[in-house]
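my_file-v6.txt follows (compact mmCIF, C-alpha atoms and all ligand atoms):
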# COMPACT_ATOMS: atom_id res chain seq x y z
CA MET A 296 -11.99 -31.49 -17.39
CA THR A 297 -11.36 -29.62 -14.10
CA LYS A 298 -12.79 -26.10 -13.92
CA LYS A 299 -10.16 -23.33 -13.88
CA ILE A 300 -10.20 -21.46 -10.57
CA THR A 301 -10.01 -17.67 -10.78
CA ALA A 302 -9.02 -15.91 -7.58
CA ARG A 303 -11.09 -12.90 -6.57
CA ILE A 304 -11.11 -10.32 -3.79
CA THR A 305 -14.38 -10.95 -1.96
CA ALA A 306 -14.04 -8.55 0.99
CA VAL A 307 -12.07 -5.45 1.93
CA GLY A 308 -11.42 -3.81 5.31
CA ALA A 309 -9.43 -0.79 6.47
CA TYR A 310 -8.31 0.85 9.68
CA LEU A 311 -6.97 4.37 10.12
CA PRO A 312 -5.84 5.63 13.52
CA GLU A 313 -7.82 8.53 14.99
CA LYS A 314 -5.00 11.01 15.53
CA VAL A 315 -4.68 13.50 12.66
CA LEU A 316 -1.36 15.25 11.93
CA LYS A 317 -2.03 18.28 9.73
CA ASN A 318 0.46 20.17 7.57
CA THR A 319 0.00 23.13 9.88
CA ASP A 320 1.15 20.95 12.81
CA LEU A 321 4.29 20.02 10.84
CA GLU A 322 4.98 23.70 10.18
CA LYS A 323 5.61 23.98 13.92
CA MET A 324 7.99 21.00 13.93
CA VAL A 325 10.24 21.50 10.84
CA ASP A 326 11.07 24.19 8.29
CA THR A 327 8.18 23.52 5.89
CA SER A 328 4.87 25.03 4.84
CA ASP A 329 1.37 23.82 4.10
CA SER A 330 1.64 25.22 0.56
CA TRP A 331 4.96 23.41 -0.15
CA ILE A 332 3.56 20.08 1.02
CA VAL A 333 0.25 20.46 -0.86
CA GLN A 334 1.90 21.63 -4.11
CA ARG A 335 4.69 19.01 -4.11
CA THR A 336 2.73 16.00 -2.80
CA GLY A 337 -1.05 16.64 -2.58
CA ILE A 338 -1.02 15.75 1.14
CA HIS A 339 -3.07 17.87 3.58
CA GLU A 340 -3.00 15.58 6.60
CA ARG A 341 -2.09 12.06 7.66
CA ARG A 342 -3.06 9.67 10.52
CA ILE A 343 -0.65 8.72 13.30
CA ALA A 344 -0.99 5.57 15.42
CA ASP A 345 -1.31 5.83 19.17
CA LYS A 346 1.61 4.63 21.30
CA ASP A 347 -0.20 1.36 22.08
CA GLU A 348 -1.26 0.75 18.47
CA PHE A 349 1.09 -1.30 16.31
CA THR A 350 1.35 -2.65 12.78
CA SER A 351 -0.16 -5.96 13.97
CA THR A 352 -3.05 -4.44 15.94
CA MET A 353 -4.03 -2.12 13.08
CA GLY A 354 -3.78 -5.08 10.68
CA VAL A 355 -6.07 -7.13 12.92
CA LYS A 356 -8.73 -4.39 12.86
CA ALA A 357 -8.67 -4.19 9.05
CA ALA A 358 -8.71 -8.00 8.72
CA GLN A 359 -11.62 -8.35 11.19
CA GLN A 360 -13.66 -5.89 9.18
CA ALA A 361 -13.00 -7.84 5.96
CA ARG A 362 -13.77 -11.16 7.71
CA GLU A 363 -17.07 -9.87 9.08
CA CYS A 364 -18.16 -8.69 5.59
CA ILE A 365 -18.33 -12.30 4.42
CA SER A 366 -19.03 -13.91 7.84
CA LEU A 367 -16.05 -16.26 7.50
CA GLU A 368 -15.24 -18.25 10.64
CA PRO A 369 -11.63 -17.68 11.81
CA ALA A 370 -10.94 -21.43 11.72
CA LYS A 371 -11.67 -21.43 7.97
CA ILE A 372 -8.84 -18.99 7.18
CA ASP A 373 -6.10 -20.94 5.36
CA ALA A 374 -3.36 -18.33 5.18
CA ILE A 375 -2.47 -14.83 6.39
CA ILE A 376 0.06 -12.82 4.40
CA CYS A 377 1.12 -9.52 5.93
CA ALA A 378 2.79 -6.93 3.71
CA THR A 379 4.77 -4.49 5.82
CA MET A 380 8.05 -2.60 5.97
CA THR A 381 7.41 -1.55 9.59
CA PRO A 382 6.92 -4.87 11.40
CA ASP A 383 6.29 -5.13 15.15
CA TYR A 384 9.53 -7.16 15.42
CA LEU A 385 12.28 -8.32 13.07
CA SER A 386 11.16 -11.75 14.21
CA PRO A 387 8.51 -13.18 14.74
CA SER A 388 6.52 -12.11 11.72
CA THR A 389 3.70 -9.61 12.09
CA ALA A 390 1.45 -12.12 10.29
CA SER A 391 1.95 -14.58 13.18
CA LEU A 392 0.76 -11.94 15.65
CA ILE A 393 -2.26 -11.21 13.46
CA GLN A 394 -3.01 -14.95 13.18
CA ALA A 395 -3.05 -15.26 16.98
CA SER A 396 -5.37 -12.25 17.48
CA LEU A 397 -7.78 -13.44 14.78
CA ARG A 398 -7.74 -16.95 16.34
CA ALA A 399 -7.13 -18.25 12.83
CA VAL A 400 -5.83 -21.50 14.27
CA ASN A 401 -5.65 -23.32 10.94
CA ALA A 402 -3.89 -20.56 9.00
CA CYS A 403 -0.26 -20.42 7.95
CA ALA A 404 1.27 -16.96 8.40
CA LEU A 405 4.12 -15.04 6.82
CA ASP A 406 5.30 -11.49 6.09
CA ILE A 407 6.23 -10.04 2.73
CA GLN A 408 8.57 -7.06 2.48
CA ALA A 409 8.36 -5.14 -0.78
CA ALA A 410 7.91 -1.66 0.74
CA CYS A 411 5.10 0.30 -0.92
CA THR A 412 4.59 -2.48 -3.51
CA GLY A 413 4.14 -5.07 -0.75
CA PHE A 414 0.38 -5.36 -1.11
CA LEU A 415 0.63 -6.32 -4.80
CA TYR A 416 3.43 -8.80 -4.13
CA ALA A 417 1.32 -10.38 -1.36
CA LEU A 418 -1.77 -10.39 -3.57
CA SER A 419 0.15 -12.31 -6.24
CA LEU A 420 1.03 -15.02 -3.71
CA ALA A 421 -2.60 -15.22 -2.59
CA LYS A 422 -3.74 -15.50 -6.22
CA GLY A 423 -1.23 -18.29 -6.86
CA TRP A 424 -2.24 -20.24 -3.76
CA VAL A 425 -5.95 -19.97 -4.52
CA GLU A 426 -5.65 -20.75 -8.23
CA SER A 427 -3.39 -23.75 -7.61
CA GLY A 428 -6.11 -25.19 -5.37
CA MET A 429 -3.79 -25.24 -2.35
CA TYR A 430 -5.91 -22.78 -0.30
CA THR A 431 -9.41 -21.33 -0.62
CA ASN A 432 -9.49 -18.50 1.96
CA VAL A 433 -6.39 -16.29 2.01
CA PHE A 434 -6.10 -12.98 3.90
CA VAL A 435 -3.77 -10.30 2.58
CA VAL A 436 -3.16 -7.67 5.24
CA ALA A 437 -1.07 -4.56 4.55
CA SER A 438 -0.27 -2.53 7.63
CA GLU A 439 2.27 0.12 8.52
CA LYS A 440 3.23 2.13 11.57
CA ASN A 441 5.53 4.38 9.56
CA SER A 442 5.56 6.97 12.34
CA ALA A 443 7.75 4.63 14.43
CA PHE A 444 10.49 4.94 11.79
CA ILE A 445 10.18 8.64 10.95
CA ASP A 446 12.51 11.35 12.15
CA TYR A 447 10.17 14.23 12.95
CA GLU A 448 13.14 16.60 12.52
CA ASP A 449 13.69 15.53 8.89
CA ARG A 450 11.44 17.55 6.58
CA ASN A 451 12.34 15.31 3.61
CA THR A 452 10.37 12.41 5.08
CA CYS A 453 8.15 13.48 7.99
CA VAL A 454 5.70 15.30 5.72
CA LEU A 455 5.19 12.27 3.46
CA PHE A 456 4.21 9.32 5.62
CA GLY A 457 1.21 8.25 7.70
CA ASP A 458 -0.01 5.10 9.46
CA GLY A 459 -2.85 2.72 8.60
CA ALA A 460 -3.91 -0.75 7.51
CA GLY A 461 -5.97 -2.41 4.80
CA ALA A 462 -6.95 -6.04 4.29
CA VAL A 463 -8.57 -8.14 1.59
CA VAL A 464 -9.85 -11.69 1.47
CA VAL A 465 -8.90 -13.69 -1.63
CA GLN A 466 -11.15 -16.66 -2.37
CA SER A 467 -11.93 -19.09 -5.16
CA GLU A 468 -15.68 -18.43 -5.29
CA GLY A 469 -18.25 -15.70 -4.81
CA PRO A 470 -18.84 -12.21 -6.14
CA GLY A 471 -15.99 -9.73 -5.99
CA LEU A 472 -13.03 -8.40 -7.94
CA GLU A 473 -11.49 -11.05 -10.18
CA ILE A 474 -7.68 -10.77 -10.13
CA ARG A 475 -7.00 -11.10 -13.85
CA HIS A 476 -3.30 -10.36 -13.93
CA ILE A 477 -0.47 -9.08 -11.73
CA ALA A 478 2.82 -7.74 -13.13
CA LEU A 479 5.72 -7.30 -10.70
CA GLY A 480 9.27 -5.97 -10.99
CA ALA A 481 12.33 -4.92 -9.01
CA GLU A 482 15.67 -3.15 -9.49
CA GLY A 483 17.89 -4.00 -6.53
CA ASN A 484 20.74 -1.86 -7.84
CA LEU A 485 18.70 1.14 -6.66
CA ALA A 486 17.92 -0.29 -3.22
CA ASN A 487 19.79 2.56 -1.53
CA LEU A 488 17.22 5.16 -2.66
CA ILE A 489 14.75 4.18 0.10
CA GLN A 490 16.35 2.71 3.21
CA ILE A 491 16.26 2.15 6.94
CA PRO A 492 20.05 1.88 7.23
CA ALA A 493 20.49 0.21 10.65
CA GLY A 494 18.89 -2.51 12.74
CA GLY A 495 19.63 -5.41 10.37
CA CYS A 496 22.67 -7.72 10.49
CA ARG A 497 24.78 -5.46 8.26
CA ASN A 498 24.56 -2.44 10.54
CA THR A 499 23.46 -3.76 13.91
CA SER A 500 21.79 -1.53 16.49
CA SER A 501 24.18 0.37 18.73
CA ALA A 502 24.38 3.63 20.65
CA GLU A 503 26.04 5.12 17.53
CA THR A 504 23.28 4.01 15.12
CA VAL A 505 20.70 5.55 17.45
CA ARG A 506 22.72 8.75 17.84
CA ASP A 507 23.17 9.01 14.05
CA LYS A 508 19.44 8.44 13.41
CA GLN A 509 20.14 5.36 11.30
CA HIS A 510 16.89 3.64 12.35
CA PHE A 511 14.72 6.12 10.47
CA ILE A 512 13.44 5.93 6.88
CA LYS A 513 15.69 7.82 4.43
CA VAL A 514 14.30 8.62 0.98
CA GLN A 515 16.05 10.22 -2.00
CA GLY A 516 12.73 11.57 -3.22
CA ARG A 517 13.84 13.28 -6.41
CA GLU A 518 15.64 10.15 -7.66
CA VAL A 519 12.74 7.87 -6.69
CA PHE A 520 10.32 10.16 -8.54
CA LYS A 521 12.32 9.74 -11.80
CA HIS A 522 11.91 5.97 -11.81
CA ALA A 523 8.39 5.76 -10.39
CA VAL A 524 6.34 6.97 -13.36
CA ARG A 525 8.26 4.96 -15.99
CA ARG A 526 8.10 1.70 -14.04
CA MET A 527 4.43 2.02 -13.11
CA GLU A 528 3.48 2.75 -16.71
CA ALA A 529 5.35 -0.36 -17.91
CA ALA A 530 3.61 -2.55 -15.31
CA ILE A 531 0.18 -1.28 -16.35
CA LYS A 532 0.99 -1.86 -20.04
CA ASP A 533 1.99 -5.43 -19.18
CA CYS A 534 -1.41 -6.00 -17.48
CA LEU A 535 -3.34 -4.53 -20.42
CA GLU A 536 -1.39 -6.64 -22.93
CA LYS A 537 -1.77 -9.90 -20.99
CA THR A 538 -5.53 -9.40 -20.64
CA ALA A 539 -6.06 -7.78 -24.06
CA LEU A 540 -7.92 -4.92 -22.37
CA PRO A 541 -7.95 -1.62 -24.32
CA GLU A 542 -6.90 1.32 -22.14
CA HIS A 543 -10.24 3.11 -22.61
CA HIS A 544 -11.89 0.20 -20.76
CA ILE A 545 -10.13 1.14 -17.50
CA ASN A 546 -12.88 2.46 -15.20
CA TRP A 547 -10.74 3.22 -12.14
CA LEU A 548 -7.04 3.72 -11.53
CA VAL A 549 -6.20 2.97 -7.89
CA PRO A 550 -2.55 3.96 -7.51
CA HIS A 551 -0.18 3.81 -4.55
CA GLN A 552 -0.63 7.16 -2.81
CA ALA A 553 2.91 8.59 -2.66
CA ASN A 554 2.58 11.78 -4.65
CA LEU A 555 -0.32 13.39 -6.52
CA ARG A 556 1.95 14.48 -9.37
CA ILE A 557 3.16 10.90 -9.90
CA MET A 558 -0.45 9.62 -10.00
CA GLU A 559 -1.50 12.30 -12.49
CA ALA A 560 1.48 11.60 -14.76
CA VAL A 561 0.64 7.88 -14.87
CA ALA A 562 -3.08 8.55 -15.50
CA LYS A 563 -2.26 10.96 -18.33
CA ASP A 564 -0.26 8.30 -20.16
CA PHE A 565 -3.37 6.07 -20.30
CA ASN A 566 -5.84 8.91 -20.93
CA ILE A 567 -7.58 8.26 -17.62
CA PRO A 568 -9.51 11.36 -16.49
CA SER A 569 -8.58 12.77 -13.09
CA GLU A 570 -11.99 11.93 -11.58
CA ARG A 571 -11.35 8.25 -12.37
CA VAL A 572 -8.07 8.23 -10.41
CA PHE A 573 -9.01 7.30 -6.87
CA LYS A 574 -7.15 9.39 -4.30
CA THR A 575 -6.84 9.28 -0.54
CA ILE A 576 -3.45 11.01 -0.37
CA ASP A 577 -4.93 14.34 0.75
CA ARG A 578 -6.30 12.74 3.96
CA PHE A 579 -3.94 9.83 4.69
CA GLY A 580 -0.60 10.61 3.00
CA ASN A 581 1.70 7.71 2.08
CA THR A 582 0.90 4.70 4.29
CA SER A 583 3.37 2.50 2.31
CA SER A 584 2.03 -0.97 1.53
CA SER A 585 -1.45 -0.22 2.86
CA THR A 586 -2.42 2.68 0.54
CA ILE A 587 -4.01 0.45 -2.11
CA PRO A 588 -6.28 -1.71 0.11
CA ILE A 589 -7.29 1.42 2.07
CA ALA A 590 -8.11 3.12 -1.25
CA LEU A 591 -10.11 0.06 -2.40
CA PHE A 592 -12.13 0.24 0.81
CA GLU A 593 -12.77 3.97 0.42
CA LEU A 594 -13.60 3.61 -3.30
CA GLU A 595 -16.24 0.96 -2.59
CA LYS A 596 -17.69 3.21 0.13
CA GLN A 597 -17.84 6.36 -2.02
CA HIS A 598 -18.55 4.89 -5.49
CA PRO A 599 -19.70 1.25 -5.25
CA ILE A 600 -17.89 -0.66 -8.00
CA GLN A 601 -20.30 -1.85 -10.71
CA LYS A 602 -20.38 -5.26 -12.39
CA ASN A 603 -17.86 -5.56 -15.28
CA GLU A 604 -15.96 -2.42 -14.22
CA ASN A 605 -12.18 -2.70 -14.59
CA LEU A 606 -9.77 -1.45 -11.95
CA VAL A 607 -6.05 -1.00 -12.37
CA LEU A 608 -3.97 -1.06 -9.19
CA VAL A 609 -0.40 0.19 -9.46
CA ALA A 610 2.43 0.74 -6.98
CA PHE A 611 6.06 1.69 -6.67
CA GLY A 612 8.42 1.69 -3.70
CA GLY A 613 11.60 0.75 -1.91
CA GLY A 614 13.69 -2.08 -3.27
CA LEU A 615 13.16 -0.58 -5.80
CA THR A 616 9.98 -2.53 -6.50
CA TRP A 617 6.90 -1.94 -8.61
CA GLY A 618 3.77 -3.72 -9.75
CA ALA A 619 0.31 -3.45 -11.25
CA SER A 620 -2.82 -5.55 -11.28
CA LEU A 621 -5.98 -5.63 -13.38
CA LEU A 622 -9.21 -6.49 -11.53
CA THR A 623 -12.71 -6.91 -12.98
CA LYS A 624 -15.89 -6.83 -10.89
CA ILE A 625 -17.77 -10.12 -11.25
N1 LIG A 701 9.31 21.53 3.04
C1 LIG A 701 9.96 22.51 2.36
N2 LIG A 701 11.01 22.26 1.54
C2 LIG A 701 11.39 20.99 1.39
C3 LIG A 701 10.76 19.93 2.08
C4 LIG A 701 9.68 20.24 2.93
N3 LIG A 701 9.00 19.30 3.60
N4 LIG A 701 11.35 18.78 1.74
C5 LIG A 701 12.34 19.09 0.86
N5 LIG A 701 12.37 20.43 0.67
C6 LIG A 701 13.26 21.19 -0.19
C7 LIG A 701 14.50 20.43 -0.57
O1 LIG A 701 15.49 20.54 0.44
C8 LIG A 701 14.90 21.10 -1.87
O2 LIG A 701 15.61 22.27 -1.55
P1 LIG A 701 16.91 22.64 -2.42
O3 LIG A 701 16.42 22.81 -3.83
O4 LIG A 701 17.36 23.90 -1.76
O5 LIG A 701 17.85 21.48 -2.26
C9 LIG A 701 13.57 21.52 -2.49
O6 LIG A 701 12.60 21.48 -1.43
C10 LIG A 701 13.12 20.62 -3.62
O7 LIG A 701 13.32 19.29 -3.20
P2 LIG A 701 13.03 18.07 -4.14
O8 LIG A 701 13.41 16.81 -3.44
O9 LIG A 701 13.58 18.33 -5.51
O10 LIG A 701 11.45 18.17 -4.27
P3 LIG A 701 10.52 17.32 -5.16
O11 LIG A 701 9.73 18.18 -6.04
O12 LIG A 701 11.21 16.12 -5.80
O13 LIG A 701 9.50 16.72 -4.07
C11 LIG A 701 9.12 14.64 -2.93
C12 LIG A 701 9.99 15.89 -3.04
C13 LIG A 701 7.73 15.09 -2.56
C14 LIG A 701 9.69 13.71 -1.88
C15 LIG A 701 9.07 13.92 -4.30
O14 LIG A 701 10.35 13.80 -4.82
C16 LIG A 701 8.45 12.56 -4.24
O15 LIG A 701 7.28 12.39 -3.95
N6 LIG A 701 9.22 11.51 -4.58
C17 LIG A 701 8.71 10.17 -4.68
C18 LIG A 701 8.52 9.53 -3.37
C19 LIG A 701 7.96 8.14 -3.64
O16 LIG A 701 7.57 7.75 -4.72
N7 LIG A 701 7.86 7.35 -2.68
C20 LIG A 701 7.31 6.02 -2.92
C21 LIG A 701 8.07 5.08 -2.33
S1 LIG A 701 8.21 5.35 -0.60
C22 LIG A 701 8.47 3.78 0.02
O17 LIG A 701 8.58 2.82 -0.65
C23 LIG A 701 8.62 3.72 1.46

Would you put the structure from the file into structure tokens?
Amino acid sequence: MTKKITARITAVGAYLPEKVLKNTDLEKMVDTSDSWIVQRTGIHERRIADKDEFTSTMGVKAAQQARECISLEPAKIDAIICATMTPDYLSPSTASLIQASLRAVNACALDIQAACTGFLYALSLAKGWVESGMYTNVFVVASEKNSAFIDYEDRNTCVLFGDGAGAVVVQSEGPGLEIRHIALGAEGNLANLIQIPAGGCRNTSSAETVRDKQHFIKVQGREVFKHAVRRMEAAIKDCLEKTALPEHHINWLVPHQANLRIMEAVAKDFNIPSERVFKTIDRFGNTSSSTIPIALFELEKQHPIQKNENLVLVAFGGGLTWGASLLTKI
């Protein structure tokens, strides 16, 4: 009988740009206040990429760090999946640019667009490829230069987002975080709640679309909020049911970092104490698809994950899309 392969995350890397944009800086740019931003979101500051840093270059730095952790030769990388909603170009894919910089000459490369849930969608593809036996070394890179798509005159969005990248290596062997289950969902009828309205084939770029600021991210925050908690809770329940894990066995909740109040509401539903909800939102804000791998990197740095500990990852974002995953340290 052939042995069942279980995919696991064997290495994690992250990259945050140096430049810090504080709430007090934003107070000088739009009609907002540090106390409004902190109370409504939990964000104190966020990182902003330099003008010559891009989604691909930040992704390369995170991926290099993960690669060096396990000393994997670039030629042994089988696949690079890049989750992003802020690609360098509409075409070619950002993953192709990352593949070239990593000199991963034997890797296939593609992008996945599921907004803030993109990392979990990409992780599910990596898990499937590894467990089917098709590939053994898959890189999942989540990277975003949100600042390139933010209107710094729009207080509804400019306070929320930051830039940054995270990367994980998914392999068939070795110690790491076993990916036990991933639950994904989408509700396309609500796609208009988080949008970059122009630049695609439906509303092509023109002087008018630039003048009307249609190339910036628009978010109907209050509406998104209503759906976020309910959908994330359902995805976590699905993971617990499929793995028969009681909720009191969750050691860490690593949620997408969009809003502190959303994270706390989800944690409360599963009786997870606040100190077991890993947060980076205060320092990095919402970096879309990359919040979860960045948080995994920071968690391992601050509280090394112990053998048999269970982590729940959960995300929600544009599309609308959502997902959760249960990982166990092996
Ligand atoms: N500073 C001061 N006031 C503000 C600001 C600001 N930066 N932004 C909005 N306001 C005002 C609004 O205009 C509104 O004023 P009004 O009542 O006079 O109309 C008031 O504050 C309250 O606005 P709400 O939108 O109701 O505020 P809310 O408590 O919902 O917080 C927020 C807004 C933080 C955006 C919240 O709704 C949220 O986090 N939503 C979820 C976002 C999310 O989940 N994103 C994930 C996906 S993102 C992705 O996929 C790319």

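The interatomic distance for the pair CA of Glu448 in chain A and CA of Arg578 in chain A works out to 21.6 Å.
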
Nearest to ligand LIG 701 (chain A), chosen from A:Ala361, A:Cys411, A:Ile545, A:Leu485, with only C-alpha atoms and all ligand atoms counted in the distances |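 Among the listed residues, A:Cys411 lies closest to ligand LIG 701 (chain A).
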
9 Å contact set for range 317-332 of chain A, all atoms listed in the file, chain neighbours under 2 positions out, as a ChimeraX atom specification | /A:315,334-342,447-450,453-455

Would you kindly return, as an MDAnalysis selection string, each protein, DNA or RNA residue with an atom no farther than 8 Å from any atom of Lys314 in chain A, considering all atoms listed in the file and excluding same-chain residues fewer than 2 positions away?
-> chainID A and resid 312 316 342:345

Spatial neighbours of range 495-506 of chain A, 12 Å, only C-alpha atoms, chain gap at least 2 places, as a list in words |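 In the requested form, the answer reads Tyr384, Leu385, Ser386, Phe444, Asp446, Gln490, Ile491, Pro492, Ala493, Lys508, Gln509, His510 and Phe511 of chain A.
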
If we count only C-alpha atoms, what is near range 588-594 of chain A at a cut-off of 10 Å, once residues fewer than 4 positions away on the same chain are taken out, given as an MDAnalysis selection string?
-> chainID A and resid 306:311 357 361 414:415 435:438 459:463 547 549:552 573:576 579 582 584 598:600 606 608

Looking at A:Leu367, A:Ala402, A:Ala302, A:Met380, which one is nearest to ligand LIG 701 (chain A), with distances taken over all atoms listed in the file?
->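 Of A:Leu367, A:Ala402, A:Ala302, A:Met380, the one nearest ligand LIG 701 (chain A) is A:Met380, counting all atoms listed in the file.
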
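For the residues A:Gly413, A:Asp383, A:Asn432, A:Gly469, ranking by smallest atom-to-atom distance to Ala370 in chain A using all atoms listed in the file places A:Asn432 first.
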